[in-house]
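For reference, target-v2.tsv (TSV, N, CA and C atoms):
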```tsv
chain	number	residue	atom	x	y	z
A	25	GLN	N	20.75	319.58	123.74
A	25	GLN	CA	20.94	318.62	122.66
A	25	GLN	C	19.86	317.53	122.78
A	26	VAL	N	19.11	317.32	121.71
A	26	VAL	CA	18.06	316.31	121.69
A	26	VAL	C	18.59	315.06	121.02
A	27	GLN	N	18.30	313.94	121.63
A	27	GLN	CA	18.63	312.65	121.02
A	27	GLN	C	17.36	311.86	120.82
A	28	LEU	N	17.22	311.30	119.63
A	28	LEU	CA	16.09	310.43	119.33
A	28	LEU	C	16.62	309.01	119.23
A	29	VAL	N	16.03	308.12	120.01
A	29	VAL	CA	16.47	306.74	120.05
A	29	VAL	C	15.35	305.85	119.54
A	30	GLU	N	15.64	305.14	118.46
A	30	GLU	CA	14.66	304.26	117.86
A	30	GLU	C	14.86	302.83	118.33
A	31	SER	N	13.78	302.08	118.34
A	31	SER	CA	13.85	300.65	118.67
A	31	SER	C	12.71	299.93	117.99
A	32	GLY	N	12.82	298.62	117.92
A	32	GLY	CA	11.73	297.81	117.39
A	32	GLY	C	11.95	297.24	116.02
A	33	GLY	N	13.03	297.60	115.35
A	33	GLY	CA	13.28	297.03	114.04
A	33	GLY	C	13.70	295.58	114.14
A	34	GLY	N	13.81	294.93	112.99
A	34	GLY	CA	14.24	293.53	112.98
A	34	GLY	C	13.85	292.83	111.71
A	35	LEU	N	13.90	291.51	111.78
A	35	LEU	CA	13.58	290.65	110.64
A	35	LEU	C	12.22	290.01	110.88
A	36	VAL	N	11.37	290.08	109.87
A	36	VAL	CA	10.03	289.50	109.98
A	36	VAL	C	9.64	288.92	108.63
A	37	GLN	N	8.79	287.93	108.65
A	37	GLN	CA	8.29	287.35	107.41
A	37	GLN	C	7.19	288.23	106.82
A	38	ALA	N	7.03	288.12	105.53
A	38	ALA	CA	5.95	288.85	104.87
A	38	ALA	C	4.61	288.50	105.52
A	39	GLY	N	3.79	289.55	105.72
A	39	GLY	CA	2.52	289.37	106.40
A	39	GLY	C	2.59	289.61	107.89
A	40	GLY	N	3.80	289.70	108.41
A	40	GLY	CA	3.99	289.90	109.84
A	40	GLY	C	3.89	291.36	110.25
A	41	SER	N	4.16	291.60	111.53
A	41	SER	CA	4.02	292.94	112.10
A	41	SER	C	5.26	293.31	112.90
A	42	LEU	N	5.50	294.60	112.97
A	42	LEU	CA	6.53	295.16	113.83
A	42	LEU	C	6.02	296.49	114.37
A	43	ARG	N	6.52	296.86	115.54
A	43	ARG	CA	6.18	298.16	116.10
A	43	ARG	C	7.48	298.91	116.40
A	44	LEU	N	7.63	300.04	115.76
A	44	LEU	CA	8.80	300.88	115.99
A	44	LEU	C	8.47	301.95	117.03
A	45	SER	N	9.46	302.28	117.83
A	45	SER	CA	9.32	303.34	118.82
A	45	SER	C	10.46	304.33	118.65
A	46	CYS	N	10.20	305.56	118.98
A	46	CYS	CA	11.23	306.61	118.92
A	46	CYS	C	11.02	307.52	120.11
A	47	ALA	N	11.96	307.49	121.02
A	47	ALA	CA	11.86	308.29	122.24
A	47	ALA	C	12.91	309.39	122.23
A	48	ALA	N	12.53	310.55	122.69
A	48	ALA	CA	13.43	311.70	122.70
A	48	ALA	C	13.94	311.97	124.11
A	49	SER	N	15.19	312.34	124.19
A	49	SER	CA	15.76	312.78	125.46
A	49	SER	C	16.48	314.10	125.24
A	50	GLY	N	16.64	314.85	126.29
A	50	GLY	CA	17.28	316.15	126.16
A	50	GLY	C	16.27	317.27	126.29
A	51	SER	N	16.65	318.43	125.82
A	51	SER	CA	15.81	319.62	125.95
A	51	SER	C	14.77	319.63	124.84
A	52	ILE	N	13.54	319.32	125.20
A	52	ILE	CA	12.45	319.27	124.24
A	52	ILE	C	11.60	320.51	124.37
A	53	PHE	N	11.43	321.22	123.26
A	53	PHE	CA	10.56	322.37	123.25
A	53	PHE	C	9.33	322.03	122.43
A	54	SER	N	8.79	322.99	121.79
A	54	SER	CA	7.53	322.75	121.09
A	54	SER	C	7.75	321.88	119.87
A	55	ILE	N	7.24	320.68	119.92
A	55	ILE	CA	7.33	319.78	118.78
A	55	ILE	C	6.13	320.02	117.89
A	56	SER	N	6.39	320.25	116.63
A	56	SER	CA	5.29	320.48	115.70
A	56	SER	C	4.75	319.15	115.18
A	57	THR	N	5.57	318.45	114.46
A	57	THR	CA	5.15	317.15	113.93
A	57	THR	C	6.21	316.10	114.23
A	58	MET	N	5.77	314.88	114.30
A	58	MET	CA	6.67	313.74	114.42
A	58	MET	C	6.45	312.87	113.20
A	59	GLY	N	7.52	312.29	112.71
A	59	GLY	CA	7.37	311.51	111.50
A	59	GLY	C	8.28	310.31	111.44
A	60	TRP	N	7.94	309.42	110.53
A	60	TRP	CA	8.79	308.27	110.19
A	60	TRP	C	9.10	308.33	108.69
A	61	HIS	N	10.35	308.11	108.39
A	61	HIS	CA	10.83	308.06	107.01
A	61	HIS	C	11.57	306.75	106.81
A	62	ARG	N	11.79	306.38	105.56
A	62	ARG	CA	12.59	305.19	105.30
A	62	ARG	C	13.47	305.40	104.08
A	63	GLN	N	14.53	304.61	104.05
A	63	GLN	CA	15.49	304.74	102.97
A	63	GLN	C	16.10	303.39	102.64
A	64	THR	N	16.20	303.13	101.34
A	64	THR	CA	16.90	301.94	100.86
A	64	THR	C	18.12	302.39	100.08
A	65	PRO	N	19.12	301.52	99.94
A	65	PRO	CA	20.35	301.91	99.25
A	65	PRO	C	20.10	302.44	97.85
A	66	GLY	N	20.68	303.57	97.54
A	66	GLY	CA	20.57	304.15	96.21
A	66	GLY	C	19.30	304.96	95.99
A	67	LYS	N	18.46	305.04	96.99
A	67	LYS	CA	17.22	305.80	96.84
A	67	LYS	C	17.14	306.93	97.85
A	68	GLN	N	16.34	307.91	97.54
A	68	GLN	CA	16.14	309.02	98.46
A	68	GLN	C	15.29	308.58	99.65
A	69	ARG	N	15.52	309.24	100.78
A	69	ARG	CA	14.70	308.99	101.94
A	69	ARG	C	13.27	309.46	101.65
A	70	GLU	N	12.30	308.64	102.01
A	70	GLU	CA	10.91	308.99	101.72
A	70	GLU	C	10.09	309.02	103.00
A	71	LEU	N	9.09	309.90	102.98
A	71	LEU	CA	8.19	310.00	104.12
A	71	LEU	C	7.27	308.79	104.15
A	72	VAL	N	7.13	308.20	105.32
A	72	VAL	CA	6.22	307.07	105.51
A	72	VAL	C	4.94	307.53	106.18
A	73	ALA	N	5.10	308.28	107.28
A	73	ALA	CA	3.93	308.73	108.04
A	73	ALA	C	4.31	309.94	108.87
A	74	LEU	N	3.30	310.76	109.13
A	74	LEU	CA	3.49	312.01	109.86
A	74	LEU	C	2.31	312.19	110.79
A	75	ILE	N	2.57	312.77	111.98
A	75	ILE	CA	1.48	313.05	112.91
A	75	ILE	C	1.73	314.42	113.54
A	76	THR	N	0.67	315.23	113.61
A	76	THR	CA	0.79	316.56	114.19
A	76	THR	C	0.54	316.51	115.69
A	77	THR	N	0.76	317.63	116.34
A	77	THR	CA	0.51	317.72	117.77
A	77	THR	C	-0.94	317.39	118.09
A	78	GLY	N	-1.83	317.79	117.20
A	78	GLY	CA	-3.24	317.55	117.43
A	78	GLY	C	-3.71	316.16	117.05
A	79	GLY	N	-2.82	315.37	116.47
A	79	GLY	CA	-3.17	313.99	116.14
A	79	GLY	C	-3.55	313.75	114.69
A	80	THR	N	-3.48	314.77	113.87
A	80	THR	CA	-3.75	314.57	112.44
A	80	THR	C	-2.62	313.77	111.82
A	81	THR	N	-3.00	312.77	111.01
A	81	THR	CA	-1.99	311.88	110.42
A	81	THR	C	-1.99	311.97	108.91
A	82	ASN	N	-0.85	311.60	108.35
A	82	ASN	CA	-0.68	311.58	106.90
A	82	ASN	C	0.21	310.39	106.58
A	83	TYR	N	-0.14	309.63	105.55
A	83	TYR	CA	0.59	308.42	105.20
A	83	TYR	C	0.97	308.40	103.73
A	84	ALA	N	2.07	307.78	103.44
A	84	ALA	CA	2.41	307.48	102.06
A	84	ALA	C	1.37	306.49	101.52
A	85	ASP	N	1.06	306.61	100.25
A	85	ASP	CA	0.05	305.74	99.66
A	85	ASP	C	0.42	304.26	99.82
A	86	SER	N	1.70	303.97	99.77
A	86	SER	CA	2.15	302.59	99.80
A	86	SER	C	1.91	301.90	101.15
A	87	VAL	N	1.66	302.68	102.20
A	87	VAL	CA	1.48	302.08	103.53
A	87	VAL	C	0.09	302.31	104.11
A	88	LYS	N	-0.74	303.05	103.41
A	88	LYS	CA	-2.08	303.34	103.93
A	88	LYS	C	-2.85	302.04	104.18
A	89	GLY	N	-3.50	301.99	105.33
A	89	GLY	CA	-4.27	300.81	105.69
A	89	GLY	C	-3.45	299.72	106.34
A	90	ARG	N	-2.12	299.86	106.31
A	90	ARG	CA	-1.26	298.84	106.92
A	90	ARG	C	-0.45	299.39	108.10
A	91	PHE	N	-0.05	300.65	108.01
A	91	PHE	CA	0.76	301.27	109.05
A	91	PHE	C	-0.07	302.28	109.83
A	92	THR	N	0.24	302.42	111.11
A	92	THR	CA	-0.43	303.40	111.95
A	92	THR	C	0.61	304.14	112.78
A	93	ILE	N	0.58	305.45	112.69
A	93	ILE	CA	1.49	306.27	113.48
A	93	ILE	C	0.71	306.82	114.68
A	94	SER	N	1.38	306.89	115.81
A	94	SER	CA	0.77	307.46	117.01
A	94	SER	C	1.86	308.14	117.83
A	95	ARG	N	1.44	308.96	118.77
A	95	ARG	CA	2.42	309.67	119.58
A	95	ARG	C	1.93	309.81	121.01
A	96	ASP	N	2.89	309.86	121.92
A	96	ASP	CA	2.60	310.12	123.32
A	96	ASP	C	3.32	311.42	123.66
A	97	ASN	N	2.59	312.51	123.70
A	97	ASN	CA	3.22	313.81	123.91
A	97	ASN	C	3.89	313.92	125.27
A	98	ALA	N	3.31	313.29	126.27
A	98	ALA	CA	3.88	313.36	127.61
A	98	ALA	C	5.24	312.67	127.68
A	99	LYS	N	5.40	311.65	126.85
A	99	LYS	CA	6.66	310.89	126.85
A	99	LYS	C	7.58	311.30	125.71
A	100	ASN	N	7.15	312.26	124.90
A	100	ASN	CA	7.94	312.66	123.71
A	100	ASN	C	8.34	311.44	122.89
A	101	THR	N	7.37	310.61	122.63
A	101	THR	CA	7.61	309.36	121.92
A	101	THR	C	6.64	309.23	120.76
A	102	VAL	N	7.15	308.70	119.66
A	102	VAL	CA	6.30	308.42	118.51
A	102	VAL	C	6.45	306.95	118.16
A	103	TYR	N	5.37	306.36	117.69
A	103	TYR	CA	5.33	304.94	117.37
A	103	TYR	C	4.91	304.75	115.92
A	104	LEU	N	5.30	303.60	115.37
A	104	LEU	CA	4.83	303.21	114.05
A	104	LEU	C	4.48	301.72	114.11
A	105	GLN	N	3.20	301.44	114.08
A	105	GLN	CA	2.72	300.06	114.04
A	105	GLN	C	2.64	299.65	112.58
A	106	MET	N	3.37	298.60	112.23
A	106	MET	CA	3.43	298.15	110.84
A	106	MET	C	2.85	296.75	110.75
A	107	ASN	N	1.75	296.62	110.04
A	107	ASN	CA	1.08	295.33	109.85
A	107	ASN	C	1.13	294.93	108.38
A	108	SER	N	0.86	293.68	108.13
A	108	SER	CA	0.84	293.16	106.75
A	108	SER	C	2.09	293.58	105.99
A	109	LEU	N	3.21	293.38	106.60
A	109	LEU	CA	4.47	293.83	106.00
A	109	LEU	C	4.78	293.09	104.71
A	110	LYS	N	5.39	293.82	103.79
A	110	LYS	CA	5.75	293.29	102.49
A	110	LYS	C	7.27	293.39	102.31
A	111	PRO	N	7.85	292.57	101.46
A	111	PRO	CA	9.30	292.69	101.22
A	111	PRO	C	9.71	294.09	100.79
A	112	GLU	N	8.86	294.79	100.06
A	112	GLU	CA	9.21	296.14	99.62
A	112	GLU	C	9.21	297.16	100.75
A	113	ASP	N	8.79	296.76	101.95
A	113	ASP	CA	8.90	297.63	103.12
A	113	ASP	C	10.29	297.58	103.74
A	114	THR	N	11.11	296.68	103.25
A	114	THR	CA	12.47	296.57	103.78
A	114	THR	C	13.23	297.87	103.56
A	115	ALA	N	13.78	298.41	104.64
A	115	ALA	CA	14.48	299.69	104.58
A	115	ALA	C	15.03	300.02	105.96
A	116	VAL	N	15.82	301.07	106.02
A	116	VAL	CA	16.18	301.65	107.30
A	116	VAL	C	15.14	302.73	107.60
A	117	TYR	N	14.55	302.64	108.77
A	117	TYR	CA	13.49	303.57	109.16
A	117	TYR	C	14.05	304.61	110.14
A	118	TYR	N	13.75	305.87	109.87
A	118	TYR	CA	14.22	306.99	110.68
A	118	TYR	C	13.03	307.76	111.23
A	119	CYS	N	13.10	308.12	112.49
A	119	CYS	CA	12.10	309.02	113.03
A	119	CYS	C	12.65	310.44	113.00
A	120	ASN	N	11.75	311.41	112.97
A	120	ASN	CA	12.22	312.78	113.10
A	120	ASN	C	11.19	313.64	113.80
A	121	PHE	N	11.67	314.64	114.49
A	121	PHE	CA	10.84	315.62	115.18
A	121	PHE	C	11.03	316.97	114.50
A	122	ASN	N	9.95	317.63	114.17
A	122	ASN	CA	9.99	318.95	113.57
A	122	ASN	C	9.46	319.99	114.55
A	123	TYR	N	10.11	321.16	114.57
A	123	TYR	CA	9.79	322.18	115.55
A	123	TYR	C	9.25	323.47	114.95
A	124	GLY	N	9.22	323.55	113.63
A	124	GLY	CA	8.79	324.80	113.03
A	124	GLY	C	9.93	325.44	112.27
A	125	PRO	N	9.73	326.70	111.81
A	125	PRO	CA	10.70	327.32	110.88
A	125	PRO	C	11.99	327.81	111.51
A	126	PHE	N	12.07	327.87	112.83
A	126	PHE	CA	13.25	328.49	113.44
A	126	PHE	C	14.20	327.50	114.08
A	127	ARG	N	13.93	326.22	113.90
A	127	ARG	CA	14.82	325.23	114.49
A	127	ARG	C	14.88	324.03	113.56
A	128	ALA	N	16.08	323.55	113.33
A	128	ALA	CA	16.26	322.40	112.44
A	128	ALA	C	15.66	321.15	113.08
A	129	PRO	N	15.13	320.24	112.28
A	129	PRO	CA	14.57	319.01	112.83
A	129	PRO	C	15.65	318.10	113.39
A	130	ASP	N	15.24	317.22	114.29
A	130	ASP	CA	16.12	316.19	114.81
A	130	ASP	C	15.77	314.85	114.18
A	131	TRP	N	16.79	314.02	114.01
A	131	TRP	CA	16.61	312.70	113.40
A	131	TRP	C	17.18	311.62	114.30
A	132	GLY	N	16.54	310.46	114.25
A	132	GLY	CA	17.09	309.30	114.92
A	132	GLY	C	18.20	308.69	114.10
A	133	GLN	N	18.83	307.67	114.68
A	133	GLN	CA	19.98	307.04	114.02
A	133	GLN	C	19.56	305.99	112.98
A	134	GLY	N	18.31	305.63	112.98
A	134	GLY	CA	17.80	304.64	112.03
A	134	GLY	C	17.74	303.25	112.62
A	135	THR	N	16.73	302.51	112.21
A	135	THR	CA	16.60	301.11	112.63
A	135	THR	C	16.23	300.28	111.40
A	136	GLN	N	16.89	299.15	111.25
A	136	GLN	CA	16.70	298.31	110.07
A	136	GLN	C	15.44	297.46	110.21
A	137	VAL	N	14.64	297.48	109.17
A	137	VAL	CA	13.48	296.60	109.06
A	137	VAL	C	13.68	295.75	107.81
A	138	THR	N	13.66	294.44	107.99
A	138	THR	CA	13.84	293.52	106.87
A	138	THR	C	12.66	292.57	106.83
A	139	VAL	N	12.00	292.53	105.69
A	139	VAL	CA	10.84	291.66	105.51
A	139	VAL	C	11.20	290.60	104.48
A	140	SER	N	11.16	289.36	104.91
A	140	SER	CA	11.52	288.26	104.01
A	140	SER	C	10.27	287.71	103.33
A	141	SER	N	10.46	287.23	102.12
A	141	SER	CA	9.32	286.70	101.35
A	141	SER	C	9.12	285.23	101.60
```

Output the structure of this file as structure tokens.
Amino acid sequence: QVQLVESGGGLVQAGGSLRLSCAASGSIFSISTMGWHRQTPGKQRELVALITTGGTTNYADSVKGRFTISRDNAKNTVYLQMNSLKPEDTAVYYCNFNYGPFRAPDWGQGTQVTVSS
């Protein structure tokens, strides 16, 4: 059983920064991609950033140039550095690990990020 534990959320003023972390414990096999998603009430969960095993990254247009995703494969940890935060970044942020077509992805419990104007 894999558990993903997120940390680093909180309250910050617009223009500020936060760094989210997501560490995995349990039986970890081949991780394909690690990602961060976010969700606000009444809206669908959306992809924020994704990183492959080889380090290729992909970002939502709304966060390009402000957020940076990184991973430490040895520690089974993924990070999301969020700079120049805006009130519209307020959401619950979830990390997830993807393993490929034969195993369902794992999700963290979510961490609240609130950006005040």

Using only N, CA and C atoms, tabulate the residues of stretch 68-121 of chain A lying at most 7 Å from any atom of stretch 46-54 of chain A, each with its closest atom pair and that distance in Å to one decimal, by chain and increasing residue number, as CSV.
```
residue,atom,partner,partner_atom,distance
A:Lys99,C,A:Ala48,N,5.8
A:Asn100,C,A:Ala48,N,4.3
A:Thr101,CA,A:Cys46,C,4.3
A:Val102,N,A:Cys46,C,4.1
A:Tyr103,N,A:Cys46,N,5.1
A:Leu104,N,A:Cys46,N,6.4
A:Cys119,CA,A:Cys46,CA,6.4
```

Minimum-distance residue to A:Val36, chosen among A:Val116, A:Ala128, A:Met106, A:Val139 (using only N, CA and C atoms):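 That would be A:Val139, the residue with the smallest distance to A:Val36.
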
Within 8 Å of A:Gly134 using only C-alpha atoms, minus same-chain residues under 2 positions, as a list in words: Glu30, Val116, Tyr117, Tyr118, Cys119, Gly132 and Gln136 of chain A

I need the chosen residues saved as a compact mmCIF listing (two decimals), in the coordinates of the input, with N, CA and C atoms.
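The resulting again23.txt:
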```txt
# COMPACT_ATOMS: atom_id res chain seq x y z
N GLU A 30 15.64 305.14 118.46
CA GLU A 30 14.66 304.26 117.86
C GLU A 30 14.86 302.83 118.33
N VAL A 116 15.82 301.07 106.02
CA VAL A 116 16.18 301.65 107.30
C VAL A 116 15.14 302.73 107.60
N TYR A 117 14.55 302.64 108.77
CA TYR A 117 13.49 303.57 109.16
C TYR A 117 14.05 304.61 110.14
N TYR A 118 13.75 305.87 109.87
CA TYR A 118 14.22 306.99 110.68
C TYR A 118 13.03 307.76 111.23
N CYS A 119 13.10 308.12 112.49
CA CYS A 119 12.10 309.02 113.03
C CYS A 119 12.65 310.44 113.00
N GLY A 132 16.54 310.46 114.25
CA GLY A 132 17.09 309.30 114.92
C GLY A 132 18.20 308.69 114.10
N GLN A 136 16.89 299.15 111.25
CA GLN A 136 16.70 298.31 110.07
C GLN A 136 15.44 297.46 110.21
```

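Note that the spacing between atom N of A:Ser56 and atom CA of A:Gln25 amounts to 15.8 Å.
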
task: May I ask for the distance between atom CA of A:Arg95 and atom N of A:Gln68, given in Å to one decimal place?
output: 26.1 Å

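Considering only N, CA and C atoms, the residue among A:Ser140, A:Thr76, A:Ser108, A:Thr64 positioned nearest to A:Gly40 is A:Ser108.
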
field: Who sits within 6.5 Å of A:Asp113, only N, CA and C atoms, same chain under 3 positions skipped, as a count of residues only
entry: 5

- prompt: Interatomic distance between atom CA of A:Trp131 and atom CA of A:Phe91?
  reply: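 Separating atom CA of A:Trp131 from atom CA of A:Phe91 is a distance of 20.0 Å.
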
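With only C-alpha atoms as the atoms that count, the residue of A:Thr80, A:Asn97, A:Gln63, A:Thr92 with the shortest distance to A:Glu112 is A:Gln63.
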
query: Which one is closest to A:Ala115: A:Gly78, A:Pro65, A:Gly32, A:Gly39? Count only C-alpha atoms.
result: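 Closest residue, counting only C-alpha atoms: A:Pro65.
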
field: Secondary structure check, strand (DSSP E) residues of chain A, as an NGL selection string
entry: :A and (27-31 or 34-37 or 42-49 or 57-63 or 70-76 or 81-83 or 91-96 or 101-106 or 115-122 or 130-131 or 135-140)

Nearest residue to A:Leu28 from the set A:Leu74, A:Gln133, A:Arg69, A:Ser141 (distances using only N, CA and C atoms):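 Among the listed residues, A:Gln133 lies closest to A:Leu28.
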
Taking every listed atom of stretch 130-139 of chain A and adding 6 Å to each side, what centre and edge lengths in Å (one decimal) does the axis-aligned box have, as JSON?
```
{"center_x": 15.4, "center_y": 303.9, "center_z": 109.7, "size_x": 21.1, "size_y": 38.6, "size_z": 22.4}
```

field: Residue nearest A:Asn122 - candidates A:Ala98, A:Ala84, A:Leu71, A:Met58, atoms counted: all atoms listed in the file
entry: A:Met58

- request: Can you check which residues of chain A DSSP gives as helix (DSSP H, G or I) on the backbone and send them as a ChimeraX atom specification?
  value: /A:85-87,97-99,111-113

File dump, residues just selected, N, CA and C atoms, as a PDB file, keeping the file's coordinate frame:
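Everything below was put into selection_37.pdb:
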```pdb
ATOM      1  N   ASP A  85       1.060 306.610 100.250  1.00  0.00           N
ATOM      2  CA  ASP A  85       0.050 305.740  99.660  1.00  0.00           C
ATOM      3  C   ASP A  85       0.420 304.260  99.820  1.00  0.00           C
ATOM      4  N   SER A  86       1.700 303.970  99.770  1.00  0.00           N
ATOM      5  CA  SER A  86       2.150 302.590  99.800  1.00  0.00           C
ATOM      6  C   SER A  86       1.910 301.900 101.150  1.00  0.00           C
ATOM      7  N   VAL A  87       1.660 302.680 102.200  1.00  0.00           N
ATOM      8  CA  VAL A  87       1.480 302.080 103.530  1.00  0.00           C
ATOM      9  C   VAL A  87       0.090 302.310 104.110  1.00  0.00           C
ATOM     10  N   ASN A  97       2.590 312.510 123.700  1.00  0.00           N
ATOM     11  CA  ASN A  97       3.220 313.810 123.910  1.00  0.00           C
ATOM     12  C   ASN A  97       3.890 313.920 125.270  1.00  0.00           C
ATOM     13  N   ALA A  98       3.310 313.290 126.270  1.00  0.00           N
ATOM     14  CA  ALA A  98       3.880 313.360 127.610  1.00  0.00           C
ATOM     15  C   ALA A  98       5.240 312.670 127.680  1.00  0.00           C
ATOM     16  N   LYS A  99       5.400 311.650 126.850  1.00  0.00           N
ATOM     17  CA  LYS A  99       6.660 310.890 126.850  1.00  0.00           C
ATOM     18  C   LYS A  99       7.580 311.300 125.710  1.00  0.00           C
ATOM     19  N   PRO A 111       7.850 292.570 101.460  1.00  0.00           N
ATOM     20  CA  PRO A 111       9.300 292.690 101.220  1.00  0.00           C
ATOM     21  C   PRO A 111       9.710 294.090 100.790  1.00  0.00           C
ATOM     22  N   GLU A 112       8.860 294.790 100.060  1.00  0.00           N
ATOM     23  CA  GLU A 112       9.210 296.140  99.620  1.00  0.00           C
ATOM     24  C   GLU A 112       9.210 297.160 100.750  1.00  0.00           C
ATOM     25  N   ASP A 113       8.790 296.760 101.950  1.00  0.00           N
ATOM     26  CA  ASP A 113       8.900 297.630 103.120  1.00  0.00           C
ATOM     27  C   ASP A 113      10.290 297.580 103.740  1.00  0.00           C
TER      28      ASP A 113
END
```

How would stretch 91-102 of chain A look with N, CA, C and O atoms restored, written as a compact mmCIF listing (two decimals), in the frame of the given file?
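Below is the file that was written, selection29.txt:
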```
# COMPACT_ATOMS: atom_id res chain seq x y z
N PHE A 91 -0.05 300.65 108.01
CA PHE A 91 0.76 301.27 109.05
C PHE A 91 -0.07 302.28 109.83
O PHE A 91 -0.96 302.95 109.27
N THR A 92 0.24 302.42 111.11
CA THR A 92 -0.43 303.40 111.95
C THR A 92 0.61 304.14 112.78
O THR A 92 1.40 303.50 113.50
N ILE A 93 0.58 305.45 112.69
CA ILE A 93 1.49 306.27 113.48
C ILE A 93 0.71 306.82 114.68
O ILE A 93 -0.47 307.16 114.58
N SER A 94 1.38 306.89 115.81
CA SER A 94 0.77 307.46 117.01
C SER A 94 1.86 308.14 117.83
O SER A 94 3.05 307.92 117.60
N ARG A 95 1.44 308.96 118.77
CA ARG A 95 2.42 309.67 119.58
C ARG A 95 1.93 309.81 121.01
O ARG A 95 0.73 309.85 121.25
N ASP A 96 2.89 309.86 121.92
CA ASP A 96 2.60 310.12 123.32
C ASP A 96 3.32 311.42 123.66
O ASP A 96 4.54 311.43 123.85
N ASN A 97 2.59 312.51 123.70
CA ASN A 97 3.22 313.81 123.91
C ASN A 97 3.89 313.92 125.27
O ASN A 97 4.93 314.57 125.41
N ALA A 98 3.31 313.29 126.27
CA ALA A 98 3.88 313.36 127.61
C ALA A 98 5.24 312.67 127.68
O ALA A 98 6.11 313.07 128.45
N LYS A 99 5.40 311.65 126.85
CA LYS A 99 6.66 310.89 126.85
C LYS A 99 7.58 311.30 125.71
O LYS A 99 8.66 310.72 125.55
N ASN A 100 7.15 312.26 124.90
CA ASN A 100 7.94 312.66 123.71
C ASN A 100 8.34 311.44 122.89
O ASN A 100 9.51 311.26 122.52
N THR A 101 7.37 310.61 122.63
CA THR A 101 7.61 309.36 121.92
C THR A 101 6.64 309.23 120.76
O THR A 101 5.46 309.59 120.88
N VAL A 102 7.15 308.70 119.66
CA VAL A 102 6.30 308.42 118.51
C VAL A 102 6.45 306.95 118.16
O VAL A 102 7.53 306.36 118.32
```
